[in-house]
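Working notes, beginning with the structure itself.
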Amino acid sequence: MTVAGIPLRPFSTADMPPKLALNRAYFDALESAGADVVPIPILRDVSRLRFHYELLDALVLPGGADVEPRRYGAVARADSGLYVMPEVDEAELTLLRWAIADGMPVLAICRGIQVLNVACGGTLWQDLQVEGATRIAHDREPRDALVHGLEVEADSVLARALGATQVRVNSLHHQAIRDLGKGLRAVATSDDGLIEGVELSDRPFVVGIQCHPEELAPGHDWARRLFKALVAAGAAYRAKPAEHAEV
């Protein structure tokens, strides 16, 4: 058994009170891979996250709002259409710090790969086209459309998890990794040269991918394999004696 935790997302509308939720595709992909899934609330008292963290064998960081630029030493650009949630940044960076320290498996998806890069001291393009990182739009609906190719380094954890070194992926982001964080290895790139896959070199399974494999898992074996690899890594983590880092 692998218990995989995934942080929820705050949202509100004019006719509803504030809620916490997340796209069902994440839960379906994890459950299909054999995980028991624990939704993690975004708590105002971040120290209370430790209760939820201690239940986990693996952590998934999902897509969502932009990481606040101050987190990577930048000033927010007015022309980049930023939408930030500082409370989500704080919660996810805390969970990720604990997971990396403990060697817990992590799968970081879309925003998640950006959070991972920032946690390791890296920076982000606030908007790919505004800042000239690429001329190609990377925010493309529908959510399961195969938009571009992904080249994956053959000797990487990511390639072994996918069972492939070349796949076609969906693309639902306007930001991406700019300067790579310390200890991270860039292991996958898009057709236009963006870093879209990373892994932490000194951990067994801390992997980031810029696309949304949860949306593709129903129809694509490589996406299903990625979640199964996380579940297997979580089972191996659970089997080891607990040596958790200090809070």
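If you're wondering about the labels, chains in the structure tokens are A, B, ... by order shown, residues count from 1 in each chain, ligands from 1 in order shown.
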Find the spatial neighbours of Arg140 of chain A, counting only C-alpha atoms, within a cut-off of 7 Å - ignore same-chain residues fewer than 2 positions away - and output them as an MDAnalysis selection string.
chainID A and resid 138 142 171:172
Which neighbours of Asp179 of chain A fall inside 9 Å, counting only C-alpha atoms, when residues of the same chain fewer than 3 positions from it are skipped, and could you give them as number ranges by chain?
A: 117, 121-125
Give me, as a list in words, all polymer residues having an atom no more than 12 Å from Asp45 of chain A, counting only C-alpha atoms and skipping those fewer than 6 positions away in the same chain.
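Neighbouring residues, sequence-local ones excluded: Phe51, Glu87, Val88, Glu90, Ala91 and Thr94 of chain A.
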In segment 159-203 of chain A, what's strand (DSSP E) per DSSP? Answer as a VMD selection string?
chain A and resid 166 to 169 171 to 172 176 to 177 184 to 190 195 to 200
Selected residues written out, N, CA, C and O atoms, as a JSON list (two decimals), in the first residue's frame:
[["chain", "number", "residue", "atom", "x", "y", "z"],
["A", 166, "GLN", "N", 10.77, 9.37, -25.71],
["A", 166, "GLN", "CA", 10.06, 10.33, -26.55],
["A", 166, "GLN", "C", 8.56, 10.11, -26.38],
["A", 166, "GLN", "O", 8.07, 9.02, -26.62],
["A", 167, "VAL", "N", 7.86, 11.16, -25.95],
["A", 167, "VAL", "CA", 6.40, 11.10, -25.82],
["A", 167, "VAL", "C", 5.82, 12.42, -26.32],
["A", 167, "VAL", "O", 6.52, 13.43, -26.41],
["A", 168, "ARG", "N", 4.55, 12.40, -26.62],
["A", 168, "ARG", "CA", 3.83, 13.64, -26.93],
["A", 168, "ARG", "C", 2.94, 13.97, -25.74],
["A", 168, "ARG", "O", 2.31, 13.08, -25.16],
["A", 169, "VAL", "N", 2.91, 15.26, -25.40],
["A", 169, "VAL", "CA", 2.29, 15.68, -24.14],
["A", 169, "VAL", "C", 1.29, 16.81, -24.37],
["A", 169, "VAL", "O", 1.32, 17.50, -25.40],
["A", 171, "SER", "N", -0.27, 20.53, -22.85],
["A", 171, "SER", "CA", 0.47, 21.74, -22.45],
["A", 171, "SER", "C", -0.53, 22.78, -21.96],
["A", 171, "SER", "O", -1.33, 23.30, -22.72],
["A", 172, "LEU", "N", -0.45, 23.08, -20.63],
["A", 172, "LEU", "CA", -1.45, 23.94, -20.00],
["A", 172, "LEU", "C", -0.78, 24.93, -19.06],
["A", 172, "LEU", "O", -1.20, 25.12, -17.92],
["A", 176, "ALA", "N", 7.42, 28.57, -16.88],
["A", 176, "ALA", "CA", 8.28, 27.39, -16.92],
["A", 176, "ALA", "C", 9.59, 27.71, -16.20],
["A", 176, "ALA", "O", 9.85, 28.86, -15.82],
["A", 177, "ILE", "N", 10.41, 26.69, -16.05],
["A", 177, "ILE", "CA", 11.72, 26.86, -15.41],
["A", 177, "ILE", "C", 12.60, 27.77, -16.24],
["A", 177, "ILE", "O", 12.72, 27.61, -17.46],
["A", 184, "LEU", "N", 19.09, 19.95, -8.95],
["A", 184, "LEU", "CA", 18.17, 19.43, -9.94],
["A", 184, "LEU", "C", 18.90, 19.14, -11.25],
["A", 184, "LEU", "O", 19.80, 19.87, -11.64],
["A", 185, "ARG", "N", 18.46, 18.11, -11.93],
["A", 185, "ARG", "CA", 18.96, 17.77, -13.25],
["A", 185, "ARG", "C", 17.83, 17.93, -14.25],
["A", 185, "ARG", "O", 16.73, 17.41, -14.04],
["A", 186, "ALA", "N", 18.07, 18.67, -15.31],
["A", 186, "ALA", "CA", 17.10, 18.79, -16.39],
["A", 186, "ALA", "C", 17.15, 17.52, -17.23],
["A", 186, "ALA", "O", 18.19, 17.19, -17.80],
["A", 187, "VAL", "N", 16.04, 16.78, -17.27],
["A", 187, "VAL", "CA", 16.05, 15.48, -17.94],
["A", 187, "VAL", "C", 15.05, 15.38, -19.09],
["A", 187, "VAL", "O", 14.99, 14.36, -19.77],
["A", 188, "ALA", "N", 14.28, 16.45, -19.33],
["A", 188, "ALA", "CA", 13.33, 16.44, -20.44],
["A", 188, "ALA", "C", 13.13, 17.85, -20.96],
["A", 188, "ALA", "O", 13.05, 18.81, -20.17],
["A", 189, "THR", "N", 13.05, 17.97, -22.28],
["A", 189, "THR", "CA", 12.84, 19.28, -22.91],
["A", 189, "THR", "C", 11.74, 19.19, -23.96],
["A", 189, "THR", "O", 11.54, 18.15, -24.60],
["A", 190, "SER", "N", 11.07, 20.31, -24.15],
["A", 190, "SER", "CA", 10.04, 20.42, -25.18],
["A", 190, "SER", "C", 10.69, 20.65, -26.54],
["A", 190, "SER", "O", 11.89, 20.89, -26.64],
["A", 195, "ILE", "N", 12.82, 23.54, -20.45],
["A", 195, "ILE", "CA", 12.98, 22.46, -19.49],
["A", 195, "ILE", "C", 11.61, 22.04, -19.02],
["A", 195, "ILE", "O", 10.87, 22.83, -18.42],
["A", 196, "GLU", "N", 11.22, 20.79, -19.29],
["A", 196, "GLU", "CA", 9.89, 20.33, -18.91],
["A", 196, "GLU", "C", 9.93, 19.02, -18.12],
["A", 196, "GLU", "O", 8.89, 18.40, -17.87],
["A", 197, "GLY", "N", 11.12, 18.62, -17.71],
["A", 197, "GLY", "CA", 11.25, 17.47, -16.83],
["A", 197, "GLY", "C", 12.52, 17.62, -16.01],
["A", 197, "GLY", "O", 13.57, 17.97, -16.56],
["A", 198, "VAL", "N", 12.42, 17.39, -14.71],
["A", 198, "VAL", "CA", 13.59, 17.49, -13.83],
["A", 198, "VAL", "C", 13.55, 16.36, -12.80],
["A", 198, "VAL", "O", 12.49, 15.76, -12.57],
["A", 199, "GLU", "N", 14.68, 16.12, -12.18],
["A", 199, "GLU", "CA", 14.73, 15.21, -11.03],
["A", 199, "GLU", "C", 15.85, 15.65, -10.09],
["A", 199, "GLU", "O", 16.82, 16.28, -10.51],
["A", 200, "LEU", "N", 15.67, 15.34, -8.82],
["A", 200, "LEU", "CA", 16.65, 15.69, -7.81],
["A", 200, "LEU", "C", 17.68, 14.58, -7.75],
["A", 200, "LEU", "O", 17.35, 13.42, -7.42]]
Using only C-alpha atoms, find the one residue out of A:Thr2, A:Asn170, A:Ser12, A:Asn23 that sits nearest to Val38 of chain A.
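Counting only C-alpha atoms, the residue closest to Val38 of chain A is A:Thr2.
Take the candidates A:Leu107, A:Leu82, A:Leu55, A:Val115 and check each one against Val231 of chain A using only C-alpha atoms; the shortest distance goes to A:Leu107.
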For each of A:Ile109, A:Leu93, A:Leu49, A:Ala159, take the minimum atom-to-atom distance to Pro213 of chain A, counting only C-alpha atoms, then give the residue where this is smallest.
A:Ile109
I need the alpha helix (DSSP H) residues of segment 40-106 of chain A per DSSP on the backbone, written as a list in words.
Leu49, Arg50, Phe51, His52, Tyr53, Pro86, Glu87, Val88, Asp89, Glu90, Ala91, Glu92, Leu93, Thr94, Leu95, Leu96, Arg97, Trp98, Ala99, Ile100, Ala101 and Asp102 of chain A
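Distances to Lys182 of chain A were evaluated for A:Leu8, A:Leu116, A:Ala33, A:Leu95 using only C-alpha atoms, and the minimum falls at A:Leu116.
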Skipping near chain neighbours, those fewer than 2 positions away, what residues fall within 6 Å of segment 62-67 of chain A using only C-alpha atoms, listed as JSON, numbers by chain?
{"A": [83, 84, 109, 110, 111, 112]}
Write a file of the just-selected residues containing N, CA, C and O atoms, as an mmCIF file, in the first residue's frame.
data_model
loop_
_atom_site.group_PDB
_atom_site.id
_atom_site.type_symbol
_atom_site.label_atom_id
_atom_site.label_comp_id
_atom_site.auth_asym_id
_atom_site.auth_seq_id
_atom_site.Cartn_x
_atom_site.Cartn_y
_atom_site.Cartn_z
ATOM 1 N N TYR A 83 -1.409 35.116 -11.452
ATOM 2 C CA TYR A 83 -2.456 34.794 -10.484
ATOM 3 C C TYR A 83 -1.793 33.974 -9.390
ATOM 4 O O TYR A 83 -1.360 32.845 -9.633
ATOM 5 N N VAL A 84 -1.649 34.561 -8.213
ATOM 6 C CA VAL A 84 -0.867 33.926 -7.148
ATOM 7 C C VAL A 84 -1.751 33.591 -5.951
ATOM 8 O O VAL A 84 -2.790 34.225 -5.717
ATOM 9 N N ILE A 109 3.841 18.128 -10.657
ATOM 10 C CA ILE A 109 3.161 18.271 -11.945
ATOM 11 C C ILE A 109 2.853 19.736 -12.244
ATOM 12 O O ILE A 109 2.263 20.428 -11.408
ATOM 13 N N CYS A 110 3.219 20.197 -13.423
ATOM 14 C CA CYS A 110 2.923 21.545 -13.921
ATOM 15 C C CYS A 110 3.388 22.617 -12.921
ATOM 16 O O CYS A 110 4.584 22.842 -12.798
ATOM 17 N N ARG A 111 2.485 23.277 -12.213
ATOM 18 C CA ARG A 111 2.927 24.203 -11.171
ATOM 19 C C ARG A 111 3.905 23.506 -10.230
ATOM 20 O O ARG A 111 4.865 24.108 -9.747
ATOM 21 N N GLY A 112 3.672 22.219 -9.996
ATOM 22 C CA GLY A 112 4.511 21.480 -9.064
ATOM 23 C C GLY A 112 5.973 21.468 -9.447
ATOM 24 O O GLY A 112 6.850 21.597 -8.581
#
